[in-house]
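> Hey, dropping upload18.cif in here, mmCIF, C-alpha atoms (C1' of nucleotides):
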data_entry
#
loop_
_atom_site.label_atom_id
_atom_site.label_comp_id
_atom_site.auth_asym_id
_atom_site.auth_seq_id
_atom_site.Cartn_x
_atom_site.Cartn_y
_atom_site.Cartn_z
CA MET N 2 8.50 65.23 67.38
CA ARG N 3 8.56 61.79 65.82
CA ILE N 4 6.37 60.34 63.13
CA GLY N 5 3.90 58.62 65.44
CA GLU N 6 3.15 61.77 67.35
CA LEU N 7 2.72 63.87 64.23
CA ALA N 8 0.40 61.29 62.74
CA ALA N 9 -1.68 61.20 65.90
CA ARG N 10 -1.88 64.97 66.12
CA ALA N 11 -3.03 65.22 62.53
CA GLY N 12 -5.43 62.34 62.82
CA THR N 13 -3.66 60.22 60.25
CA THR N 14 -1.21 57.34 60.15
CA THR N 15 2.53 56.88 59.97
CA ARG N 16 2.10 55.04 56.71
CA THR N 17 0.47 58.10 55.22
CA LEU N 18 3.29 60.37 56.33
CA ARG N 19 5.90 58.06 54.86
CA TYR N 20 3.89 58.01 51.67
CA TYR N 21 3.78 61.80 51.51
CA GLU N 22 7.51 61.87 52.03
CA SER N 23 8.02 59.35 49.24
CA ARG N 24 6.05 61.70 47.00
CA GLY N 25 8.26 64.59 48.06
CA LEU N 26 5.37 66.43 49.66
CA LEU N 27 6.45 66.30 53.26
CA PRO N 28 10.17 65.61 53.59
CA ALA N 29 11.49 64.96 57.08
CA ARG N 30 14.70 65.67 58.94
CA ARG N 31 16.39 62.70 60.56
CA ASN N 32 17.92 62.41 63.99
CA GLY N 33 20.93 60.24 64.86
CA ASN N 34 18.89 57.02 64.88
CA GLY N 35 17.63 57.57 61.38
CA HIS N 36 14.23 58.38 62.82
CA ARG N 37 12.17 61.09 61.16
CA THR N 38 11.86 64.34 63.06
CA TYR N 39 9.13 66.92 62.57
CA ASP N 40 8.21 70.28 64.06
CA GLU N 41 5.13 72.44 64.34
CA SER N 42 5.49 73.84 60.84
CA ASP N 43 5.30 70.32 59.45
CA LEU N 44 2.05 69.90 61.32
CA ARG N 45 0.72 72.97 59.53
CA LEU N 46 1.73 71.60 56.14
CA LEU N 47 0.17 68.29 56.99
CA ARG N 48 -3.07 69.87 58.08
CA GLN N 49 -3.19 71.80 54.83
CA ILE N 50 -2.75 68.61 52.86
CA ARG N 51 -5.41 66.78 54.84
CA THR N 52 -7.92 69.57 54.47
CA LEU N 53 -7.54 69.58 50.72
CA GLN N 54 -7.63 65.81 50.58
CA ASP N 55 -10.94 65.92 52.43
CA PHE N 56 -12.17 68.24 49.71
CA GLY N 57 -11.30 65.58 47.19
CA PHE N 58 -8.12 67.19 45.89
CA GLY N 59 -5.53 64.80 44.55
CA LEU N 60 -2.16 64.75 46.29
CA GLU N 61 -0.45 66.55 43.45
CA GLU N 62 -3.03 69.29 43.65
CA THR N 63 -2.05 70.00 47.23
CA ARG N 64 1.56 70.59 46.29
CA PRO N 65 1.24 74.28 45.39
CA PHE N 66 -0.40 74.96 48.74
CA VAL N 67 2.32 73.16 50.62
CA GLU N 68 5.08 74.91 48.74
CA CYS N 69 3.35 78.20 49.33
CA LEU N 70 3.33 77.65 53.07
CA ARG N 71 6.90 76.45 53.00
CA ALA N 72 7.87 79.64 51.16
CA GLY N 73 6.80 81.54 54.24
CA HIS N 74 3.36 82.71 53.22
CA PRO N 75 0.74 82.93 55.92
CA GLU N 76 -1.76 80.68 54.15
CA GLY N 77 -1.38 77.87 51.66
CA ASP N 78 -3.63 79.70 49.26
CA SER N 79 -1.69 82.98 49.35
CA CYS N 80 0.01 82.09 46.09
CA PRO N 81 -1.30 82.34 42.53
CA ALA N 82 -0.56 78.69 41.80
CA SER N 83 -2.89 77.72 44.62
CA LEU N 84 -5.60 80.00 43.33
CA GLN N 85 -5.27 78.38 39.94
CA VAL N 86 -5.84 75.01 41.55
CA TYR N 87 -8.92 76.36 43.31
CA ARG N 88 -10.31 77.65 40.05
CA ARG N 89 -9.58 74.49 38.17
CA LYS N 90 -11.21 72.47 40.93
CA LEU N 91 -14.26 74.67 40.91
CA GLY N 92 -14.66 74.07 37.22
CA GLU N 93 -14.24 70.32 37.65
CA LEU N 94 -16.74 70.31 40.47
CA ASP N 95 -19.30 72.24 38.46
CA THR N 96 -18.89 69.91 35.52
CA LEU N 97 -19.10 66.84 37.70
CA ILE N 98 -22.11 68.08 39.61
CA ALA N 99 -23.89 68.92 36.38
CA GLU N 100 -23.14 65.46 34.98
CA LEU N 101 -24.29 63.75 38.13
CA GLY N 102 -27.44 65.86 38.12
CA ALA N 103 -28.19 64.79 34.58
CA VAL N 104 -27.61 61.16 35.46
CA ARG N 105 -29.80 61.53 38.51
CA GLU N 106 -32.58 62.87 36.39
CA GLN N 107 -32.23 60.06 33.88
CA VAL N 108 -32.27 57.40 36.55
CA GLY N 109 -35.22 59.07 38.23
CA ARG N 110 -37.14 59.01 34.99
CA GLN N 111 -36.27 55.39 34.35
CA LEU N 112 -37.46 54.48 37.81
CA ALA N 113 -40.73 56.35 37.39
CA ARG N 114 -41.32 54.76 34.02
CA ALA N 115 -40.57 51.26 35.25
CA GLU N 116 -42.79 51.68 38.29
CA ALA N 117 -45.63 52.96 36.14
CA ALA N 118 -45.23 49.95 33.87
CA ARG N 119 -45.46 47.60 36.83
CA VAL N 120 -48.59 49.29 38.09
CA ALA N 121 -50.12 49.01 34.66
CA LEU N 122 -49.30 45.33 34.59
CA ALA N 123 -50.84 44.82 38.01
CA ALA N 124 -54.00 46.57 36.87
CA ASP N 125 -54.13 44.39 33.77
CA ALA N 126 -53.75 41.34 35.95
CA ALA N 127 -56.51 42.47 38.30
CA VAL N 128 -59.03 43.09 35.57
CA PRO N 129 -59.13 40.92 32.47
CA GLY N 130 -57.96 37.32 32.71
CA GLY N 131 -55.48 35.61 35.05
CA PRO N 132 -52.65 37.37 36.91
CA VAL N 133 -49.46 37.81 34.91
CA PRO N 134 -46.60 35.66 36.26
CA GLU N 135 -44.61 37.92 38.55
CA CYS N 136 -40.86 38.36 38.35
CA GLU N 137 -39.25 36.05 40.90
CA LEU N 138 -35.88 37.72 40.97
CA GLY N 139 -35.05 38.87 44.50
CA GLY N 140 -36.90 41.20 46.75
CA GLY N 141 -40.43 40.64 45.54
CA PRO N 142 -42.98 43.41 45.16
CA ARG N 143 -42.83 44.14 48.91
CA MET U 2 -22.12 36.29 15.52
CA ARG U 3 -18.60 36.26 16.90
CA ILE U 4 -17.06 38.36 19.62
CA GLY U 5 -15.53 40.98 17.36
CA GLU U 6 -18.79 41.73 15.63
CA LEU U 7 -20.74 41.94 18.87
CA ALA U 8 -18.14 44.26 20.33
CA ALA U 9 -18.27 46.50 17.29
CA ARG U 10 -22.05 46.60 17.25
CA ALA U 11 -22.14 47.56 20.90
CA GLY U 12 -19.33 50.05 20.59
CA THR U 13 -17.04 48.24 22.97
CA THR U 14 -14.11 45.84 22.79
CA THR U 15 -13.56 42.12 22.78
CA ARG U 16 -11.57 42.44 25.95
CA THR U 17 -14.57 43.92 27.68
CA LEU U 18 -16.82 41.09 26.55
CA ARG U 19 -14.40 38.48 27.79
CA TYR U 20 -14.21 40.34 31.05
CA TYR U 21 -17.99 40.33 31.41
CA GLU U 22 -18.00 36.62 30.73
CA SER U 23 -15.33 36.06 33.37
CA ARG U 24 -17.63 37.86 35.81
CA GLY U 25 -20.49 35.62 34.78
CA LEU U 26 -22.42 38.53 33.42
CA LEU U 27 -22.50 37.64 29.75
CA PRO U 28 -21.73 33.95 29.20
CA ALA U 29 -21.25 32.82 25.61
CA ARG U 30 -21.99 29.68 23.66
CA ARG U 31 -19.07 28.14 21.80
CA ASN U 32 -18.94 26.79 18.30
CA GLY U 33 -16.75 23.89 17.20
CA ASN U 34 -13.61 26.01 17.09
CA GLY U 35 -13.96 27.09 20.67
CA HIS U 36 -14.89 30.54 19.43
CA ARG U 37 -17.57 32.43 21.33
CA THR U 38 -20.91 32.77 19.61
CA TYR U 39 -23.53 35.39 20.36
CA ASP U 40 -26.98 36.26 19.09
CA GLU U 41 -29.23 39.31 19.07
CA SER U 42 -30.44 38.73 22.60
CA ASP U 43 -26.85 38.96 23.83
CA LEU U 44 -26.62 42.30 22.10
CA ARG U 45 -29.62 43.47 24.09
CA LEU U 46 -28.06 42.35 27.36
CA LEU U 47 -24.83 44.02 26.42
CA ARG U 48 -26.55 47.27 25.55
CA GLN U 49 -28.30 47.20 28.90
CA ILE U 50 -25.00 46.75 30.69
CA ARG U 51 -23.35 49.55 28.73
CA THR U 52 -26.16 51.97 29.36
CA LEU U 53 -25.98 51.42 33.09
CA GLN U 54 -22.20 51.60 33.05
CA ASP U 55 -22.48 54.97 31.36
CA PHE U 56 -24.70 56.03 34.25
CA GLY U 57 -21.91 55.13 36.62
CA PHE U 58 -23.37 51.84 37.82
CA GLY U 59 -20.87 49.24 38.93
CA LEU U 60 -20.83 45.97 37.04
CA GLU U 61 -22.46 44.08 39.88
CA GLU U 62 -25.25 46.59 39.94
CA THR U 63 -26.11 45.78 36.35
CA ARG U 64 -26.57 42.09 37.13
CA PRO U 65 -30.23 42.29 38.22
CA PHE U 66 -31.10 44.06 34.99
CA VAL U 67 -29.33 41.47 32.90
CA GLU U 68 -30.93 38.58 34.74
CA CYS U 69 -34.27 40.26 34.38
CA LEU U 70 -33.90 40.45 30.62
CA ARG U 71 -32.62 36.91 30.47
CA ALA U 72 -35.69 35.78 32.40
CA GLY U 73 -37.74 36.96 29.44
CA HIS U 74 -38.96 40.30 30.69
CA PRO U 75 -39.36 43.05 28.11
CA GLU U 76 -37.09 45.52 29.91
CA GLY U 77 -34.17 45.10 32.24
CA ASP U 78 -35.92 47.19 34.84
CA SER U 79 -39.16 45.18 34.80
CA CYS U 80 -38.09 43.36 37.94
CA PRO U 81 -38.19 44.52 41.57
CA ALA U 82 -34.50 43.84 42.10
CA SER U 83 -33.71 46.31 39.34
CA LEU U 84 -35.98 48.91 40.84
CA GLN U 85 -34.21 48.47 44.14
CA VAL U 86 -30.93 49.19 42.41
CA TYR U 87 -32.43 52.31 40.85
CA ARG U 88 -33.60 53.55 44.22
CA ARG U 89 -30.32 52.81 45.91
CA LYS U 90 -28.48 54.59 43.14
CA LEU U 91 -30.75 57.60 43.40
CA GLY U 92 -29.99 57.84 47.09
CA GLU U 93 -26.26 57.55 46.47
CA LEU U 94 -26.44 60.17 43.76
CA ASP U 95 -28.35 62.58 45.98
CA THR U 96 -25.86 62.10 48.78
CA LEU U 97 -22.92 62.52 46.49
CA ILE U 98 -24.32 65.57 44.77
CA ALA U 99 -25.06 67.17 48.10
CA GLU U 100 -21.52 66.46 49.33
CA LEU U 101 -19.99 67.82 46.16
CA GLY U 102 -22.17 70.89 46.39
CA ALA U 103 -20.97 71.51 49.91
CA VAL U 104 -17.37 71.09 48.84
CA ARG U 105 -17.94 73.39 45.92
CA GLU U 106 -19.25 76.04 48.24
CA GLN U 107 -16.31 75.66 50.60
CA VAL U 108 -13.79 75.88 47.81
CA GLY U 109 -15.59 78.86 46.35
CA ARG U 110 -15.44 80.65 49.67
CA GLN U 111 -11.77 79.84 50.10
CA LEU U 112 -11.05 81.19 46.67
CA ALA U 113 -12.98 84.41 47.31
CA ARG U 114 -11.25 84.89 50.64
CA ALA U 115 -7.80 84.27 49.22
CA GLU U 116 -8.40 86.59 46.30
CA ALA U 117 -9.64 89.32 48.64
CA ALA U 118 -6.52 88.90 50.75
CA ARG U 119 -4.31 89.30 47.70
CA VAL U 120 -6.11 92.43 46.65
CA ALA U 121 -5.71 93.85 50.14
CA LEU U 122 -1.99 93.09 49.98
CA ALA U 123 -1.68 94.75 46.62
CA ALA U 124 -3.43 97.85 47.96
CA ASP U 125 -1.10 97.92 50.95
CA ALA U 126 1.85 97.66 48.63
CA ALA U 127 0.59 100.49 46.44
CA VAL U 128 0.09 102.89 49.30
CA PRO U 129 2.41 102.91 52.29
CA GLY U 130 6.02 101.83 51.83
CA GLY U 131 7.62 99.47 49.30
CA PRO U 132 5.78 96.73 47.44
CA VAL U 133 5.51 93.42 49.30
CA PRO U 134 7.62 90.71 47.65
CA GLU U 135 5.26 88.76 45.42
CA CYS U 136 4.94 85.02 45.48
CA GLU U 137 7.10 83.60 42.71
CA LEU U 138 5.45 80.22 42.53
CA GLY U 139 4.12 79.62 39.03
CA GLY U 140 1.44 81.35 37.09
CA GLY U 141 1.76 84.89 38.30
CA PRO U 142 -1.14 87.12 39.29
CA ARG U 143 -2.47 87.22 35.68
"C1'" DG V 9 1.91 27.25 0.59
"C1'" DT V 10 1.42 31.34 2.89
"C1'" DA V 11 -0.16 35.62 4.47
"C1'" DG V 12 -3.55 37.93 7.14
"C1'" DA V 13 -7.52 38.49 9.96
"C1'" DG V 14 -9.73 37.01 13.84
"C1'" DC V 15 -10.03 33.98 17.61
"C1'" DT V 16 -8.16 31.55 22.11
"C1'" DT V 17 -6.08 31.73 27.14
"C1'" DG V 18 -2.98 33.79 30.52
"C1'" DA V 19 -1.00 37.28 32.78
"C1'" DC V 20 0.80 41.85 33.91
"C1'" DG V 21 -0.14 47.09 34.11
"C1'" DC V 22 -2.65 51.17 35.64
"C1'" DG V 23 -4.26 54.83 38.71
"C1'" DG V 24 -4.57 56.74 43.92
"C1'" DG V 25 -3.87 56.49 48.41
"C1'" DC V 26 -2.84 54.24 51.25
"C1'" DG V 27 -3.28 49.15 54.54
"C1'" DT V 28 -0.67 45.59 56.04
"C1'" DC V 29 2.73 42.18 56.52
"C1'" DA V 30 7.80 40.75 56.80
"C1'" DG V 31 12.00 41.28 58.96
"C1'" DG V 32 15.00 43.96 61.60
"C1'" DG V 33 16.97 47.94 64.83
"C1'" DC V 34 17.35 50.81 68.92
"C1'" DA V 35 16.33 52.61 73.61
"C1'" DA V 36 14.21 52.42 78.13
"C1'" DG V 37 12.41 49.81 82.02
"C1'" DG V 38 11.87 45.70 85.05
"C1'" DC E 7 18.72 39.58 80.01
"C1'" DC E 8 14.36 40.21 78.11
"C1'" DT E 9 10.28 42.56 76.98
"C1'" DT E 10 7.85 46.46 75.20
"C1'" DG E 11 7.20 50.06 72.17
"C1'" DC E 12 8.47 52.84 68.74
"C1'" DC E 13 11.03 53.24 64.61
"C1'" DC E 14 13.10 51.66 59.91
"C1'" DT E 15 12.81 49.79 54.77
"C1'" DG E 16 10.77 47.00 51.22
"C1'" DA E 17 7.22 45.05 49.04
"C1'" DC E 18 2.75 43.13 48.06
"C1'" DG E 19 -2.50 43.86 48.31
"C1'" DC E 20 -6.71 46.37 47.26
"C1'" DC E 21 -10.44 48.23 44.22
"C1'" DC E 22 -12.39 48.26 39.17
"C1'" DG E 23 -12.77 47.98 34.55
"C1'" DC E 24 -10.63 47.16 31.54
"C1'" DG E 25 -5.75 47.94 28.05
"C1'" DT E 26 -2.12 45.55 26.30
"C1'" DC E 27 1.25 42.17 25.34
"C1'" DA E 28 2.53 37.18 24.53
"C1'" DA E 29 2.15 32.93 22.22
"C1'" DG E 30 -0.49 30.07 19.66
"C1'" DC E 31 -4.80 28.31 17.01
"C1'" DT E 32 -8.30 28.45 12.96
"C1'" DC E 33 -10.19 29.85 8.82
"C1'" DT E 34 -10.14 32.20 4.39
"C1'" DA E 35 -8.14 34.13 0.29
"C1'" DC E 36 -4.76 34.25 -3.03
#
Give the structure from this file in structure tokens form.

Amino acid sequence: MRIGELAARAGTTTRTLRYYESRGLLPARRNGNGHRTYDESDLRLLRQIRTLQDFGFGLEETRPFVECLRAGHPEGDSCPASLQVYRRKLGELDTLIAELGAVREQVGRQLARAEAARVALAADAAVPGGPVPECELGGGPR
Amino acid sequence: MRIGELAARAGTTTRTLRYYESRGLLPARRNGNGHRTYDESDLRLLRQIRTLQDFGFGLEETRPFVECLRAGHPEGDSCPASLQVYRRKLGELDTLIAELGAVREQVGRQLARAEAARVALAADAAVPGGPVPECELGGGPR
DNA sequence: GTAGAGCTTGACGCGGGCGTCAGGGCAAGG
DNA sequence: CCTTGCCCTGACGCCCGCGTCAAGCTCTAC
């Protein structure tokens, strides 16, 4: 099959396939015209790459999986190098999720604090003297 | 104070300050030499920007906070526009964390499955006939 | 005078994964 | 013959927050 068909069947683009080839991930045979030719096994490799990409793996991180499949193994993760990538990724994910959780908490606290301050200001304005000049920057107090 | 001192006091670089100025975020006065001149209030703005950057806010997202401070408010998040940014960011963080958690779970399952398969293969190899040829790709089974 | 530190603007590089345009080829169908 | 559709290579663009180099100016100290 030619590049357009493979791209369509994998839900990607010809540009992407040429890019993968340029990175040495998915080399292609050529027919007489110089056109790239692919077969079903290439589709499998490509699907493996795409799945991992969807998981947020970098292209280089998919390489062990691809090479594992190309070596004849039934799954891309049948090889130790692939498992290593899994483990590394798990660690990165855990770290990242923890960091994002901490940031989320911080931002949540800031928001709560700032909202409380605004309420306090409003109460001040309602009680003692004149209303405090409100911030005019975008949005308004709703 | 001049750009180098401000950068040092904020723990950043002169390049970064010039970049912020080019984005209109932190404009600077000039003295006779054409050198940029800053004061303490600029340091406050800069610290606000840096704090938000460390939280993963984009530069544009820090703008409401900076303008809020410049408008004379005591905190960068004293204005509704800033609160909106907080809320939006919280939503983005929640979404992202949830997505990453889902990916983490997927990857974890894949890893468990692949490891189980390898163990099964090893057991097969130990029992019936000859050992199955091991995958030679990097790392080894540890 | 001269060396050095610090300042100026301008412009390119980077990382990742492509999108998109430019310019051209080849085969089939009307 | 000409169009249509698919293919080819090469190269620039994008996003973002700067790093880094180039070439030149100013001010201070010795």
> Mind doing a quick least-squares superposition of chain N onto chain U, all C-alpha atoms paired one-to-one in order, and writing it out as a short mmCIF file (atom, residue, chain, number, x, y, z; two decimals) with C-alpha atoms, in the coordinates of the input?

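Ended up saving to out-v2.cif:
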data_model
loop_
_atom_site.label_atom_id
_atom_site.label_comp_id
_atom_site.auth_asym_id
_atom_site.auth_seq_id
_atom_site.Cartn_x
_atom_site.Cartn_y
_atom_site.Cartn_z
CA MET N 2 -22.10 36.29 15.51
CA ARG N 3 -18.59 36.26 16.90
CA ILE N 4 -17.06 38.36 19.61
CA GLY N 5 -15.52 40.98 17.34
CA GLU N 6 -18.78 41.73 15.62
CA LEU N 7 -20.74 41.96 18.86
CA ALA N 8 -18.14 44.28 20.33
CA ALA N 9 -18.26 46.50 17.27
CA ARG N 10 -22.04 46.61 17.24
CA ALA N 11 -22.14 47.59 20.89
CA GLY N 12 -19.34 50.08 20.57
CA THR N 13 -17.05 48.25 22.95
CA THR N 14 -14.11 45.88 22.79
CA THR N 15 -13.55 42.15 22.78
CA ARG N 16 -11.56 42.48 25.96
CA THR N 17 -14.58 43.96 27.67
CA LEU N 18 -16.83 41.13 26.54
CA ARG N 19 -14.38 38.52 27.77
CA TYR N 20 -14.23 40.38 31.05
CA TYR N 21 -18.01 40.38 31.40
CA GLU N 22 -18.01 36.68 30.71
CA SER N 23 -15.34 36.11 33.35
CA ARG N 24 -17.62 37.91 35.79
CA GLY N 25 -20.50 35.67 34.77
CA LEU N 26 -22.50 38.58 33.40
CA LEU N 27 -22.52 37.67 29.75
CA PRO N 28 -21.75 33.99 29.21
CA ALA N 29 -21.24 32.85 25.64
CA ARG N 30 -21.96 29.71 23.66
CA ARG N 31 -19.04 28.18 21.82
CA ASN N 32 -18.88 26.81 18.32
CA GLY N 33 -16.68 23.91 17.20
CA ASN N 34 -13.52 26.03 17.12
CA GLY N 35 -13.92 27.12 20.70
CA HIS N 36 -14.89 30.56 19.46
CA ARG N 37 -17.57 32.46 21.34
CA THR N 38 -20.91 32.77 19.62
CA TYR N 39 -23.53 35.40 20.36
CA ASP N 40 -26.99 36.29 19.08
CA GLU N 41 -29.24 39.32 19.05
CA SER N 42 -30.45 38.77 22.60
CA ASP N 43 -26.87 38.99 23.82
CA LEU N 44 -26.63 42.33 22.09
CA ARG N 45 -29.64 43.49 24.08
CA LEU N 46 -28.07 42.37 27.35
CA LEU N 47 -24.85 44.06 26.42
CA ARG N 48 -26.57 47.30 25.56
CA GLN N 49 -28.33 47.22 28.90
CA ILE N 50 -25.04 46.78 30.69
CA ARG N 51 -23.38 49.57 28.75
CA THR N 52 -26.21 51.99 29.37
CA LEU N 53 -26.02 51.44 33.10
CA GLN N 54 -22.25 51.62 33.06
CA ASP N 55 -22.54 55.01 31.37
CA PHE N 56 -24.75 56.05 34.25
CA GLY N 57 -21.95 55.14 36.60
CA PHE N 58 -23.41 51.86 37.82
CA GLY N 59 -20.89 49.28 38.92
CA LEU N 60 -20.84 46.00 37.03
CA GLU N 61 -22.45 44.11 39.87
CA GLU N 62 -25.26 46.62 39.92
CA THR N 63 -26.13 45.78 36.34
CA ARG N 64 -26.58 42.12 37.14
CA PRO N 65 -30.22 42.30 38.23
CA PHE N 66 -31.11 44.07 35.00
CA VAL N 67 -29.34 41.49 32.91
CA GLU N 68 -30.92 38.60 34.74
CA CYS N 69 -34.28 40.26 34.39
CA LEU N 70 -33.92 40.46 30.64
CA ARG N 71 -32.63 36.93 30.48
CA ALA N 72 -35.70 35.79 32.43
CA GLY N 73 -37.77 36.94 29.50
CA HIS N 74 -38.98 40.30 30.73
CA PRO N 75 -39.40 43.03 28.17
CA GLU N 76 -37.13 45.51 29.94
CA GLY N 77 -34.19 45.10 32.27
CA ASP N 78 -35.95 47.18 34.86
CA SER N 79 -39.18 45.16 34.84
CA CYS N 80 -38.09 43.34 37.97
CA PRO N 81 -38.19 44.48 41.60
CA ALA N 82 -34.49 43.81 42.11
CA SER N 83 -33.72 46.29 39.36
CA LEU N 84 -36.01 48.87 40.89
CA GLN N 85 -34.21 48.44 44.17
CA VAL N 86 -30.94 49.17 42.43
CA TYR N 87 -32.45 52.29 40.88
CA ARG N 88 -33.61 53.49 44.26
CA ARG N 89 -30.35 52.77 45.95
CA LYS N 90 -28.51 54.58 43.18
CA LEU N 91 -30.78 57.56 43.45
CA GLY N 92 -30.01 57.81 47.12
CA GLU N 93 -26.28 57.51 46.48
CA LEU N 94 -26.47 60.14 43.79
CA ASP N 95 -28.36 62.55 46.01
CA THR N 96 -25.88 62.07 48.81
CA LEU N 97 -22.93 62.46 46.49
CA ILE N 98 -24.34 65.52 44.79
CA ALA N 99 -25.06 67.13 48.13
CA GLU N 100 -21.52 66.41 49.33
CA LEU N 101 -20.00 67.75 46.15
CA GLY N 102 -22.18 70.84 46.41
CA ALA N 103 -20.96 71.46 49.93
CA VAL N 104 -17.36 71.02 48.85
CA ARG N 105 -17.94 73.33 45.92
CA GLU N 106 -19.24 75.97 48.23
CA GLN N 107 -16.30 75.59 50.59
CA VAL N 108 -13.78 75.82 47.79
CA GLY N 109 -15.61 78.80 46.34
CA ARG N 110 -15.43 80.57 49.66
CA GLN N 111 -11.76 79.77 50.08
CA LEU N 112 -11.06 81.14 46.64
CA ALA N 113 -12.99 84.34 47.30
CA ARG N 114 -11.25 84.82 50.61
CA ALA N 115 -7.79 84.22 49.18
CA GLU N 116 -8.42 86.57 46.27
CA ALA N 117 -9.66 89.27 48.61
CA ALA N 118 -6.54 88.85 50.71
CA ARG N 119 -4.34 89.28 47.65
CA VAL N 120 -6.17 92.41 46.62
CA ALA N 121 -5.76 93.79 50.10
CA LEU N 122 -2.06 93.07 49.96
CA ALA N 123 -1.76 94.78 46.59
CA ALA N 124 -3.53 97.84 47.96
CA ASP N 125 -1.21 97.89 50.95
CA ALA N 126 1.74 97.69 48.61
CA ALA N 127 0.42 100.52 46.45
CA VAL N 128 -0.12 102.90 49.32
CA PRO N 129 2.20 102.92 52.32
CA GLY N 130 5.81 101.86 51.85
CA GLY N 131 7.46 99.54 49.31
CA PRO N 132 5.68 96.75 47.41
CA VAL N 133 5.43 93.46 49.28
CA PRO N 134 7.58 90.72 47.69
CA GLU N 135 5.26 88.78 45.42
CA CYS N 136 4.92 85.01 45.47
CA GLU N 137 7.14 83.58 42.74
CA LEU N 138 5.56 80.17 42.59
CA GLY N 139 4.25 79.47 39.09
CA GLY N 140 1.77 81.36 37.04
CA GLY N 141 2.30 84.84 38.39
CA PRO N 142 -0.51 87.30 39.02
CA ARG N 143 -1.43 87.30 35.31
#
> Could you expand the PyMOL selection byres ((chain V and resi 25) around 12) into the explicit residues it covers here, written as a PyMOL selection string?
(chain N and resi 16-21+24+54+57-61) or (chain V and resi 23-24+26-27) or (chain E and resi 20-21)
> What residues come out when you apply the PyMOL selection byres ((chain U and resi 71) around 12) to this file, written as a list in words?
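Going through the file, the PyMOL selection byres ((chain U and resi 71) around 12) ends up selecting Cys136 and Leu138 of chain N; Leu26, Leu27, Pro28, Ser42, Asp43, Leu44, Arg45, Leu46, Leu47, Gln49, Arg64, Pro65, Phe66, Val67, Glu68, Cys69, Leu70, Ala72, Gly73, His74, Pro75, Glu76, Gly77, Asp78, Ser79 and Cys80 of chain U.
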> Closest to chain U among V:DG12, V:DT17, V:DC22, V:DA30, using all atoms listed in the file?
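The closest residue to chain U is V:DT17.
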> List as a list in words the protein and nucleic acid residues near Thr38 (chain U), meaning an atom at most 10 Å away when only C-alpha atoms (C1' of nucleotides) are counted, but skip any in the same chain fewer than 4 places from it.
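The filter keeps Met2, Arg3, Ile4, Leu7, Pro28, Ala29, Arg30, Arg31, Asn32 and Asp43 of chain U.
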> Could you please determine the separation between C1' of DG30 (chain E) and C1' of DG18 (chain V) in Å, to one decimal place?
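The value is 11.7 Å.
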> Take the PyMOL selection byres ((chain E) within 9 of (chain N)), run it mentally on this structure, and tell me the resulting residues as a list in words.
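Matching residues under the PyMOL selection byres ((chain E) within 9 of (chain N)) are DC12, DC13 and DC14 of chain E.
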